[in-house]
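*Asks:* Contents of upload29.txt (compact mmCIF, C-alpha atoms):
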```txt
# COMPACT_ATOMS: atom_id res chain seq x y z
CA MET A 1 70.82 123.93 83.45
CA LEU A 2 73.94 123.62 81.39
CA ASN A 3 72.97 121.23 78.64
CA GLU A 4 71.67 122.86 75.48
CA GLU A 5 68.52 120.83 75.02
CA GLY A 6 67.27 121.34 78.56
CA LEU A 7 65.90 118.63 80.80
CA HIS A 8 64.16 116.41 78.25
CA ALA A 9 63.37 112.71 78.50
CA ARG A 10 66.87 111.21 78.38
CA PRO A 11 68.64 113.47 80.86
CA SER A 12 65.59 113.22 83.11
CA ALA A 13 65.84 109.45 83.00
CA THR A 14 69.55 109.58 83.85
CA LEU A 15 68.84 111.95 86.73
CA VAL A 16 65.95 109.93 88.15
CA LYS A 17 67.92 106.69 87.87
CA GLU A 18 70.87 108.15 89.78
CA ALA A 19 68.63 109.75 92.41
CA SER A 20 66.77 106.51 93.00
CA LYS A 21 70.00 104.79 94.03
CA PHE A 22 69.96 106.85 97.23
CA ASP A 23 67.74 106.53 100.25
CA SER A 24 67.37 110.26 100.72
CA ASP A 25 64.36 112.15 99.47
CA PHE A 26 65.20 114.31 96.49
CA TYR A 27 63.25 117.34 95.32
CA ILE A 28 63.87 119.81 92.54
CA ASP A 29 62.58 123.33 92.94
CA MET A 30 62.23 125.59 89.92
CA ARG A 31 60.62 129.03 90.24
CA GLY A 32 58.72 127.87 93.30
CA TYR A 33 57.44 124.68 91.68
CA ARG A 34 58.74 121.70 93.62
CA VAL A 35 58.66 118.17 92.24
CA ASN A 36 59.91 114.82 93.42
CA GLY A 37 63.27 114.23 91.76
CA LYS A 38 62.79 110.47 91.78
CA SER A 39 59.75 110.68 89.55
CA ILE A 40 60.40 110.94 85.84
CA LEU A 41 57.04 112.55 85.12
CA GLY A 42 57.69 115.00 87.92
CA VAL A 43 61.08 116.00 86.58
CA MET A 44 59.79 116.33 83.03
CA THR A 45 56.85 118.43 84.22
CA LEU A 46 59.36 121.16 85.03
CA ALA A 47 60.56 121.11 81.41
CA ALA A 48 63.67 122.98 82.59
CA GLU A 49 65.21 124.84 79.68
CA HIS A 50 68.86 125.62 78.96
CA GLY A 51 69.99 128.31 81.38
CA ALA A 52 67.18 127.67 83.87
CA GLU A 53 68.06 127.82 87.54
CA VAL A 54 66.99 124.88 89.67
CA GLU A 55 67.44 124.18 93.34
CA LEU A 56 68.20 120.64 94.49
CA ILE A 57 66.90 119.58 97.89
CA VAL A 58 68.25 116.33 99.32
CA ASP A 59 67.15 115.06 102.71
CA GLY A 60 68.04 111.76 104.36
CA SER A 61 70.74 109.46 105.68
CA ASP A 62 72.97 109.62 102.60
CA GLU A 63 72.24 113.21 101.66
CA ASN A 64 75.84 114.41 101.35
CA GLU A 65 76.88 111.66 99.00
CA ALA A 66 73.64 112.02 97.02
CA MET A 67 74.06 115.76 96.64
CA LYS A 68 77.63 115.34 95.39
CA THR A 69 76.59 112.80 92.77
CA LEU A 70 73.59 114.80 91.60
CA VAL A 71 75.47 118.07 91.32
CA LYS A 72 78.16 116.31 89.34
CA LEU A 73 75.47 114.96 87.04
CA PHE A 74 74.13 118.45 86.37
CA GLU A 75 77.65 119.79 85.80
CA SER A 76 78.54 117.01 83.39
CA ARG A 77 75.37 117.83 81.41
CA PHE A 78 74.02 114.41 82.39
CA GLU A 79 76.97 112.72 80.69
CA MET A 80 75.24 113.05 77.37
CA ALA A 81 76.90 113.47 74.03
CA GLN A 82 76.06 117.02 73.03
CA MET B 1 53.83 112.26 107.21
CA PRO B 2 53.46 112.81 103.47
CA PHE B 3 53.91 116.30 101.97
CA GLN B 4 55.36 117.77 105.12
CA ASP B 5 56.80 120.75 103.32
CA HIS B 6 54.58 121.41 100.38
CA LYS B 7 54.75 125.12 99.82
CA PRO B 8 52.14 126.77 97.67
CA ILE B 9 53.42 127.46 94.18
CA PRO B 10 53.68 131.15 93.20
CA ARG B 11 50.24 132.66 92.94
CA LYS B 12 48.99 134.16 89.72
CA GLU B 13 49.50 137.91 90.05
CA LYS B 14 47.12 139.37 87.54
CA ILE B 15 44.80 138.65 84.65
CA THR B 16 43.70 141.05 81.95
CA VAL B 17 40.16 142.32 81.91
CA GLN B 18 39.80 140.78 78.44
CA THR B 19 40.77 137.33 79.78
CA MET B 20 38.16 137.70 82.50
CA ILE B 21 35.47 138.66 79.98
CA ASP B 22 36.39 135.82 77.61
CA GLN B 23 36.50 133.18 80.31
CA MET B 24 33.31 134.40 81.98
CA ARG B 25 31.63 133.98 78.59
CA ASP B 26 33.21 130.64 77.61
CA GLN B 27 33.54 128.89 80.96
CA VAL B 28 31.00 130.44 83.31
CA LYS B 29 28.49 131.21 80.51
CA ILE B 30 27.89 134.78 81.58
CA ASP B 31 27.92 137.46 78.94
CA ILE B 32 29.72 140.71 79.74
CA ARG B 33 29.33 143.23 76.93
CA PRO B 34 31.84 146.05 76.59
CA LEU B 35 30.12 149.43 76.16
CA THR B 36 33.13 151.67 75.87
CA ALA B 37 36.97 151.66 75.86
CA GLU B 38 36.92 148.05 74.68
CA LYS B 39 40.55 148.12 73.57
CA GLN B 40 41.67 149.07 77.06
CA CYS B 41 40.44 145.66 78.29
CA GLN B 42 43.63 144.13 76.87
CA ASP B 43 45.86 146.43 78.91
CA ASN B 44 44.01 146.70 82.21
CA TYR B 45 44.78 144.11 84.85
CA ILE B 46 42.72 142.62 87.64
CA ILE B 47 44.88 141.93 90.67
CA GLU B 48 42.32 141.24 93.38
CA THR B 49 39.60 138.72 94.08
CA ASP B 50 37.39 141.23 95.81
CA LEU B 51 34.78 143.35 94.08
CA HIS B 52 33.68 146.83 95.04
CA ARG B 53 30.47 148.81 94.78
CA PRO B 54 31.53 152.44 94.50
CA GLY B 55 28.45 154.04 96.08
CA LEU B 56 30.41 156.21 98.49
CA ALA B 57 32.95 157.18 95.84
CA LEU B 58 30.08 158.38 93.62
CA ALA B 59 28.80 160.41 96.53
CA GLY B 60 32.21 162.07 96.78
CA TYR B 61 33.91 160.16 99.59
CA ILE B 62 37.08 158.76 98.02
CA ASP B 63 39.26 158.11 101.08
CA LEU B 64 40.07 154.37 101.20
CA PHE B 65 38.43 153.94 97.79
CA THR B 66 39.55 150.50 96.58
CA TRP B 67 39.80 151.59 92.96
CA GLN B 68 42.07 148.66 91.98
CA ARG B 69 39.11 146.28 92.32
CA ILE B 70 36.45 145.63 89.72
CA GLN B 71 33.75 148.26 90.27
CA ILE B 72 30.18 146.99 90.18
CA ILE B 73 27.42 149.48 89.49
CA GLY B 74 24.01 148.03 90.29
CA ASN B 75 20.50 149.40 90.70
CA THR B 76 21.28 151.47 93.81
CA GLU B 77 24.18 153.32 92.20
CA CYS B 78 22.20 153.86 89.00
CA SER B 79 19.17 155.27 90.75
CA TYR B 80 21.47 157.52 92.77
CA LEU B 81 22.96 158.85 89.54
CA LYS B 82 19.50 159.23 88.01
CA GLN B 83 18.28 161.68 90.64
CA LEU B 84 21.26 164.00 90.04
CA ASN B 85 21.28 166.66 87.34
CA GLU B 86 23.61 166.24 84.38
CA GLU B 87 26.44 168.30 85.82
CA GLN B 88 26.29 166.55 89.20
CA GLN B 89 26.24 163.15 87.46
CA GLN B 90 29.43 163.92 85.59
CA LYS B 91 31.10 165.21 88.71
CA ALA B 92 30.12 162.07 90.65
CA PHE B 93 31.30 159.76 87.88
CA GLN B 94 34.54 161.67 87.53
CA ASN B 95 35.31 160.68 91.15
CA ILE B 96 35.64 157.08 90.02
CA VAL B 97 37.26 157.31 86.62
CA GLU B 98 40.03 159.62 87.73
CA PHE B 99 41.54 156.49 89.29
CA ASP B 100 43.03 153.69 87.16
CA VAL B 101 39.97 151.51 87.65
CA PRO B 102 40.45 148.18 85.81
CA VAL B 103 36.84 147.94 84.67
CA ILE B 104 33.36 149.13 85.63
CA ILE B 105 30.58 146.59 85.22
CA LEU B 106 26.91 147.55 85.12
CA THR B 107 24.64 144.78 86.31
CA ASP B 108 20.94 144.03 85.83
CA ASN B 109 21.06 145.41 82.29
CA ASN B 110 21.61 148.93 83.60
CA SER B 111 23.14 151.56 81.40
CA LEU B 112 24.91 154.87 81.86
CA PRO B 113 23.92 158.14 80.20
CA GLY B 114 25.89 158.85 77.01
CA PRO B 115 28.01 161.70 78.43
CA LEU B 116 29.24 159.46 81.27
CA LEU B 117 30.30 156.75 78.81
CA LYS B 118 32.24 159.41 76.91
CA ILE B 119 34.01 160.45 80.11
CA ALA B 120 34.93 156.82 80.75
CA GLU B 121 36.25 156.47 77.21
CA LYS B 122 38.35 159.61 77.59
CA SER B 123 39.77 158.33 80.90
CA ASN B 124 40.49 154.90 79.39
CA VAL B 125 38.26 153.08 81.85
CA PRO B 126 36.34 150.24 80.17
CA VAL B 127 32.65 150.05 81.01
CA CYS B 128 30.75 146.79 80.47
CA SER B 129 27.26 145.59 81.13
CA THR B 130 25.58 142.31 81.98
CA ASP B 131 21.98 141.10 82.24
CA LEU B 132 22.47 139.31 85.55
CA PRO B 133 21.13 140.79 88.80
CA THR B 134 23.87 142.30 90.97
CA THR B 135 24.06 139.73 93.79
CA SER B 136 24.02 136.75 91.49
CA PHE B 137 26.57 138.32 89.13
CA MET B 138 28.90 139.23 91.98
CA PHE B 139 28.69 135.70 93.33
CA HIS B 140 29.69 134.17 89.99
CA LEU B 141 32.40 136.70 89.28
CA ARG B 142 33.92 136.30 92.75
CA ASP B 143 33.87 132.55 92.41
CA TYR B 144 35.69 132.86 89.08
CA LEU B 145 38.28 135.28 90.46
CA GLU B 146 38.82 133.15 93.55
CA ASP B 147 39.61 130.26 91.27
CA GLN B 148 41.97 132.33 89.12
CA PHE B 149 43.92 133.57 92.13
CA ALA B 150 43.61 130.34 94.12
CA LEU B 151 46.39 129.00 96.30
CA GLN B 152 47.91 126.02 94.57
CA THR B 153 50.46 123.38 95.39
CA MET B 154 51.97 120.36 93.70
CA VAL B 155 52.15 117.05 95.51
CA HIS B 156 53.70 113.73 94.61
CA GLY B 157 51.28 110.85 94.32
CA ALA B 158 48.61 109.26 92.16
CA MET B 159 45.17 110.84 92.18
CA VAL B 160 42.28 108.52 91.38
CA ASP B 161 38.50 108.81 91.47
CA VAL B 162 37.22 105.63 93.12
CA TYR B 163 33.40 105.35 93.12
CA GLY B 164 33.28 109.13 93.02
CA ILE B 165 35.65 109.62 95.96
CA GLY B 166 38.89 111.47 95.22
CA ILE B 167 41.74 109.42 96.68
CA LEU B 168 45.35 110.56 96.60
CA ILE B 169 47.70 107.61 96.81
CA ALA B 170 50.88 108.83 98.49
CA GLY B 171 54.07 107.18 99.68
CA LYS B 172 57.76 106.99 98.91
CA SER B 173 59.11 106.66 95.39
CA GLY B 174 58.98 103.13 94.12
CA ILE B 175 56.46 101.85 96.66
CA GLY B 176 53.95 101.15 93.90
CA LYS B 177 51.54 104.09 93.76
CA SER B 178 51.26 104.06 90.00
CA GLU B 179 50.75 100.30 89.96
CA VAL B 180 47.84 100.58 92.40
CA ALA B 181 46.39 103.41 90.30
CA LEU B 182 46.75 101.31 87.15
CA ASP B 183 44.97 98.41 88.80
CA LEU B 184 42.15 100.72 89.85
CA LEU B 185 41.83 102.02 86.27
CA LYS B 186 41.57 98.48 85.02
CA ARG B 187 38.64 98.00 87.38
CA GLY B 188 36.83 100.97 85.88
CA HIS B 189 37.94 103.82 88.14
CA ARG B 190 39.33 107.05 86.76
CA LEU B 191 42.74 108.71 86.82
CA ILE B 192 43.11 112.42 87.50
CA ALA B 193 46.90 112.62 87.60
CA ASP B 194 49.95 110.50 88.26
CA ASP B 195 53.18 111.63 89.92
CA VAL B 196 52.45 115.35 89.83
CA VAL B 197 49.10 116.38 91.26
CA MET B 198 48.10 120.04 91.26
CA LEU B 199 45.89 121.01 94.17
CA SER B 200 43.91 124.25 94.13
CA LYS B 201 42.19 125.60 97.19
CA LYS B 202 38.64 126.65 96.45
CA SER B 203 36.73 127.89 99.51
CA ASN B 204 37.28 124.99 101.91
CA VAL B 205 37.83 122.35 99.30
CA LEU B 206 40.96 121.12 97.57
CA MET B 207 40.42 120.45 93.89
CA SER B 208 42.94 118.23 92.15
CA SER B 209 43.98 118.14 88.55
CA ALA B 210 46.92 117.09 86.43
CA THR B 211 49.34 119.63 84.99
CA GLU B 212 49.33 120.64 81.36
CA MET B 213 52.41 118.43 80.98
CA ASN B 214 51.53 115.15 82.64
CA LYS B 215 47.85 114.82 81.82
CA HIS B 216 47.13 111.72 81.44
CA PHE B 217 50.47 110.02 81.30
CA MET B 218 51.75 107.52 83.78
CA GLU B 219 55.09 105.96 84.48
CA ILE B 220 55.22 102.25 85.13
CA ARG B 221 58.63 101.18 86.32
CA GLY B 222 60.31 98.78 83.94
CA LEU B 223 58.01 99.78 81.14
CA GLY B 224 58.29 103.54 80.88
CA ILE B 225 55.72 106.17 80.11
CA ILE B 226 52.26 105.16 78.96
CA ASP B 227 49.30 107.23 77.84
CA ILE B 228 46.24 106.28 79.87
CA MET B 229 43.69 108.02 77.67
CA SER B 230 44.72 106.33 74.44
CA MET B 231 45.19 102.99 76.18
CA PHE B 232 42.07 102.79 78.37
CA GLY B 233 39.90 105.38 76.67
CA ILE B 234 38.12 108.53 77.69
CA ARG B 235 36.12 106.89 80.48
CA SER B 236 39.28 106.14 82.40
CA ILE B 237 40.30 109.75 82.97
CA ARG B 238 38.97 112.81 84.73
CA TYR B 239 40.08 116.41 84.50
CA GLN B 240 39.29 117.44 88.05
CA LYS B 241 38.21 115.87 91.29
CA ARG B 242 37.87 117.04 94.85
CA LEU B 243 40.54 115.54 97.14
CA GLU B 244 38.72 113.66 99.87
CA VAL B 245 41.09 111.02 101.27
CA VAL B 246 44.85 110.61 101.33
CA LEU B 247 46.02 107.01 101.30
CA ASN B 248 49.60 106.77 102.52
CA LEU B 249 51.33 103.55 101.51
CA LYS B 250 54.06 102.40 103.89
CA LEU B 251 56.36 99.49 104.33
CA TRP B 252 55.34 97.27 107.25
CA GLU B 253 58.35 97.95 109.48
CA GLU B 254 57.78 101.72 109.48
CA SER B 255 54.16 101.32 110.40
CA LYS B 256 54.02 99.33 113.64
CA THR B 257 51.43 101.55 115.28
CA ILE B 258 48.71 101.26 112.76
CA GLU B 259 45.05 102.14 113.36
CA ARG B 260 42.99 99.03 114.08
CA THR B 261 39.48 100.14 114.94
CA GLY B 262 38.86 103.12 112.70
CA LEU B 263 37.60 105.14 115.68
CA ASP B 264 40.49 107.57 115.56
CA HIS B 265 40.98 109.55 112.41
CA ASP B 266 44.32 110.94 111.31
CA SER B 267 44.52 113.84 108.94
CA VAL B 268 47.02 115.79 106.90
CA ARG B 269 46.93 119.56 106.48
CA ILE B 270 47.36 120.80 102.93
CA LEU B 271 47.06 124.53 102.20
CA GLY B 272 45.30 124.93 105.53
CA ILE B 273 42.67 122.26 104.89
CA ASP B 274 42.59 119.01 106.88
CA ILE B 275 42.18 115.95 104.70
CA PRO B 276 41.49 112.49 106.21
CA LEU B 277 44.66 110.41 106.10
CA ILE B 278 44.83 106.63 106.13
CA HIS B 279 48.15 104.84 106.66
CA LEU B 280 48.21 101.55 104.87
CA PRO B 281 51.03 99.08 105.48
CA ILE B 282 52.03 97.05 102.47
CA THR B 283 52.45 93.37 103.21
CA PRO B 284 52.69 90.32 100.98
CA GLY B 285 49.32 89.12 99.80
CA LYS B 286 47.62 92.42 100.40
CA ASN B 287 45.47 93.72 97.59
CA ILE B 288 45.78 97.49 97.89
CA THR B 289 43.36 98.04 95.01
CA VAL B 290 40.51 96.31 96.78
CA ILE B 291 41.35 98.15 99.99
CA ALA B 292 41.25 101.44 98.08
CA GLU B 293 37.76 100.53 96.89
CA VAL B 294 36.74 99.63 100.42
CA ILE B 295 38.12 102.92 101.72
CA ALA B 296 36.01 104.76 99.15
CA MET B 297 32.87 102.80 100.07
CA ASN B 298 33.52 103.29 103.79
CA TYR B 299 33.93 107.02 103.19
CA LEU B 300 30.61 107.03 101.34
CA LEU B 301 28.90 105.16 104.16
CA GLU B 302 30.26 107.61 106.71
CA HIS B 303 29.16 110.44 104.47
CA TYR B 304 25.65 109.00 104.43
CA GLY B 305 25.69 108.75 108.21
CA TYR B 306 26.83 105.19 108.89
CA ASP B 307 30.13 104.78 110.72
CA ALA B 308 30.95 101.09 111.00
CA ALA B 309 33.59 101.61 113.68
CA LYS B 310 31.17 103.59 115.85
CA ALA B 311 28.35 101.12 115.27
CA PHE B 312 30.58 98.28 116.41
CA GLN B 313 31.78 100.30 119.37
CA ASN B 314 28.17 100.92 120.45
CA LYS B 315 27.45 97.23 120.18
CA VAL B 316 30.42 96.37 122.39
CA LYS B 317 29.39 98.98 124.95
CA LYS B 318 25.82 97.67 125.03
CA HIS B 319 27.06 94.12 125.53
CA ILE B 320 29.36 95.17 128.39
CA GLU B 321 26.40 96.90 130.05
CA GLU B 322 24.19 93.81 129.70
CA LYS B 323 26.94 91.59 131.07
CA SER B 324 27.33 93.78 134.14
CA ARG B 325 23.61 93.18 134.71
CA GLY B 326 24.20 89.42 134.49
CA GLY B 327 24.25 88.85 130.75
CA GLU B 328 26.00 85.95 129.03
CA MET B 329 29.14 85.62 126.95
CA PRO B 330 28.60 86.21 123.21
CA ARG B 331 26.33 83.61 121.68
CA ARG B 332 26.32 82.51 118.06
CA ALA B 333 24.58 84.92 115.71
CA ILE B 334 21.67 82.53 115.04
CA GLU B 335 19.15 81.07 117.44
CA TYR B 336 18.32 77.85 115.63
CA PHE B 337 19.92 76.05 112.64
CA GLU B 338 17.32 74.63 110.32
CA GLY B 339 19.96 72.52 108.61
CA ASP B 340 21.44 72.92 105.15
CA VAL B 341 20.58 69.73 103.28
CA GLU B 342 20.21 69.32 99.53
```
Go ahead and render the structure in this file as structure tokens.

*Replies:*
Amino acid sequence: MLNEEGLHARPSATLVKEASKFDSDFYIDMRGYRVNGKSILGVMTLAAEHGAEVELIVDGSDENEAMKTLVKLFESRFEMAQ
Amino acid sequence: MPFQDHKPIPRKEKITVQTMIDQMRDQVKIDIRPLTAEKQCQDNYIIETDLHRPGLALAGYIDLFTWQRIQIIGNTECSYLKQLNEEQQQKAFQNIVEFDVPVIILTDNNSLPGPLLKIAEKSNVPVCSTDLPTTSFMFHLRDYLEDQFALQTMVHGAMVDVYGIGILIAGKSGIGKSEVALDLLKRGHRLIADDVVMLSKKSNVLMSSATEMNKHFMEIRGLGIIDIMSMFGIRSIRYQKRLEVVLNLKLWEESKTIERTGLDHDSVRILGIDIPLIHLPITPGKNITVIAEVIAMNYLLEHYGYDAAKAFQNKVKKHIEEKSRGGEMPRRAIEYFEGDVE
């Protein structure tokens, strides 16, 4: 988790919105807790902090494309102004 | 199949003896009074659900002694100690406290002779006592520990109590789980959790609850996050409910082989427990909320011994038998119409 404020409401919303564009199922795993990455409440339940390690699991017909987009989103700190 | 790879979340590894004492008092309403080495309760950890009665260890046999468990000293152990002389007592007791026992609990209001308590204090082994009889105390304590160390998992769906039946509405993102749950709330049913449902295995039952984070929020697409408790009030929420039925919402095209009679029951296995599973295709004009209510009522009827599908099946069988003995085709359900005039 690169962005300083962690995965709060706005980055979560950006993430869920992007993930929902794909057909593939998307899960986020953090310390063994796995949530549905297309659910905003699910993502925010993790309350991932700055520096936290999360695993992205994408499964479906467009998984490669989805993974690329989602990883880019994490790397770009959810395209938020810091 | 919903939740095909729901792994259990990491299990709690340990709790302090103090936490156990506090929660037994506050939640289970059982008083455990520390007699000695009270401070040590903060530092000693319980790591196992099982309890142990150290009769054999007192008698000197300490091979395979499960010292890491909570040690329960009841009437038998106490009367054994009583018939020993003072020196023998101390020697017997030393067998136990030379291990890092988390805590020794005396049941049935038993007590230990002063010198033994001093030995326990010196060895930093807390000794507590309770009024409850041994068997009853062990039952409650085990139940508490089983809950603390329970297997848990998180699933995606909306958990609602409908007429007292715990229904988990599952299905793909965006299919309308939250909307169905919202509709059910409006009709007076109660929400346990939306989107993230925590399931804990307790004996052969799955108990559901929300997480600390999402209780009792809900996301409605296009609107955002709403707070169910402040919007619909306290009667619209529940903290826990047993999971009894999983309702899997599907689009029509992916559900061509759908159950029609209700004679065959599908199920889904969660944490090793089979939960009845109903696949429900979503089609225009279908009121899922009402169907959820019907599912709950049908479950209740089955629970009370009436299975509509079986009853109908028996009727059909009986009719086929009668026909083979020269019966007629189905007649109307009434022998004679009196007329319906005003």

*Asks:* I want to know what sits within 8 Å of Val17 (chain B), based on all atoms listed in the file, with residues of the same chain fewer than 5 positions away left out; could you give that as a PyMOL selection string?

*Replies:* chain B and resi 41-46+102-103

*Asks:* Please build the interface table for chain B against chain A with a cut-off of 9 Å, listing for each qualifying residue the nearest atom pair and the distance in Å to one decimal; count only C-alpha atoms, order rows by chain and increasing number, and write it as a tab-separated table.

*Replies:*
```
residue	atom	partner	partner_atom	distance
B:His6	CA	A:Arg34	CA	7.9
B:Lys7	CA	A:Gly32	CA	8.1
B:Pro8	CA	A:Gly32	CA	8.0
B:Ile9	CA	A:Gly32	CA	5.4
B:Pro10	CA	A:Gly32	CA	6.0
B:Thr153	CA	A:Tyr33	CA	8.0
B:Met154	CA	A:Arg34	CA	6.9
B:Val155	CA	A:Val35	CA	7.4
B:His156	CA	A:Asn36	CA	6.4
B:Lys172	CA	A:Asp25	CA	8.4
B:Ser173	CA	A:Lys38	CA	6.4
B:Gly174	CA	A:Ser20	CA	8.6
B:Asp194	CA	A:Leu41	CA	8.0
B:Asp195	CA	A:Gly42	CA	6.0
B:Val196	CA	A:Gly42	CA	5.6
B:Thr211	CA	A:Thr45	CA	7.6
B:Glu212	CA	A:Thr45	CA	8.3
B:Met213	CA	A:Thr45	CA	5.5
B:Asn214	CA	A:Thr45	CA	6.4
B:Phe217	CA	A:Leu41	CA	8.0
B:Met218	CA	A:Leu41	CA	7.4
B:Glu219	CA	A:Leu41	CA	6.9
B:Ile225	CA	A:Leu41	CA	8.2
```

*Asks:* Applying 9 Å and only C-alpha atoms, which residues near Ile104 (chain B) remain after dropping the ones on its own chain fewer than 2 positions away? List them as a PyMOL selection string.

*Replies:* chain B and resi 70-73+101-102+106+125-129

*Asks:* Between CA of Met329 (chain B) and CA of Ala311 (chain B), what is the distance in Å, rounded to a tenth?

*Replies:*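 That distance, rounded to one decimal, is 19.4 Å.
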
*Asks:* Distance CA of Phe93 (chain B)-CA of Leu58 (chain B), one decimal place?

*Replies:*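 Straight-line distance from CA of Phe93 (chain B) to CA of Leu58 (chain B) works out to 6.0 Å.
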
*Asks:* Please compute the CA of Ile167 (chain B)-CA of Ala308 (chain B) distance, one decimal, in Å.

*Replies:* 19.8 Å

*Asks:* Please work out which residues fall within 12 Å of (78.8, 114.3, 83.4), coordinates as given in the file, with all atoms listed in the file counting, and return them as a list of chain:residue names.

*Replies:*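 Within 12 Å of (78.8, 114.3, 83.4), the protein and nucleic acid residues are A:Leu2, A:Asn3, A:Pro11, A:Thr14, A:Leu15, A:Glu18, A:Thr69, A:Leu70, A:Val71, A:Lys72, A:Leu73, A:Phe74, A:Glu75, A:Ser76, A:Arg77, A:Phe78, A:Glu79, A:Met80, A:Ala81, A:Gln82.
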
*Asks:* Residues within 9 Å of Ile21 (chain B), please, as a ChimeraX atom specification. Count all atoms listed in the file; anything in the same chain fewer than 6 positions from it doesn't count.

*Replies:* /B:30-34,41

*Asks:* Excluding Arg242 (chain B) and residues on its chain fewer than 6 positions from it, collect all residues at most 10 Å away from it, counting all atoms listed in the file, and give them as a list of chain:residue names.

*Replies:*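 Non-adjacent residues within range: B:Met159, B:Asp161, B:Gly164, B:Ile165, B:Gly166, B:Ile167, B:Leu199, B:Ser200, B:Lys201, B:Lys202, B:Val205, B:Leu206, B:Met207, B:Ser208, B:Ser209.
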
*Asks:* Which one is closest to Gln23 (chain B): B:Leu145, B:Ile119, B:Val197, B:Leu51? Count all atoms listed in the file.

*Replies:* B:Leu145

*Asks:* Give as a ChimeraX atom specification every residue, naming chains and numbers as the document does, that has an atom within 7 Å of (68.7, 126.7, 82.7), counting all atoms listed in the file.

*Replies:* /A:1-2,6,48-53

*Asks:* My structure is short of atoms at region 78-82 of chain B; please model all heavy atoms there, returning them as a compact mmCIF listing (two decimals), keeping the file's coordinate frame.

*Replies:*
```
# COMPACT_ATOMS: atom_id res chain seq x y z
N CYS B 78 22.83 153.25 90.18
CA CYS B 78 22.20 153.86 89.00
C CYS B 78 21.08 154.81 89.40
O CYS B 78 20.93 155.89 88.81
CB CYS B 78 21.66 152.78 88.07
SG CYS B 78 22.97 152.09 87.07
N SER B 79 20.28 154.40 90.38
CA SER B 79 19.17 155.27 90.75
C SER B 79 19.70 156.50 91.49
O SER B 79 19.09 157.57 91.43
CB SER B 79 18.10 154.52 91.56
OG SER B 79 18.52 154.36 92.88
N TYR B 80 20.84 156.34 92.16
CA TYR B 80 21.47 157.52 92.77
C TYR B 80 21.88 158.52 91.69
O TYR B 80 21.60 159.72 91.79
CB TYR B 80 22.68 157.11 93.61
CG TYR B 80 23.52 158.28 94.08
CD1 TYR B 80 23.09 159.09 95.11
CD2 TYR B 80 24.75 158.57 93.47
CE1 TYR B 80 23.85 160.17 95.54
CE2 TYR B 80 25.51 159.64 93.88
CZ TYR B 80 25.06 160.45 94.91
OH TYR B 80 25.81 161.52 95.33
N LEU B 81 22.52 157.97 90.63
CA LEU B 81 22.96 158.85 89.54
C LEU B 81 21.76 159.51 88.86
O LEU B 81 21.82 160.68 88.46
CB LEU B 81 23.77 158.06 88.51
CG LEU B 81 25.21 157.70 88.90
CD1 LEU B 81 25.83 156.76 87.88
CD2 LEU B 81 26.05 158.98 89.02
N LYS B 82 20.67 158.74 88.75
CA LYS B 82 19.50 159.23 88.01
C LYS B 82 18.88 160.48 88.64
O LYS B 82 18.37 161.37 87.95
CB LYS B 82 18.46 158.11 87.89
CG LYS B 82 17.67 158.17 86.59
CD LYS B 82 16.80 156.94 86.41
CE LYS B 82 17.57 155.77 85.82
NZ LYS B 82 16.76 154.53 85.81
```
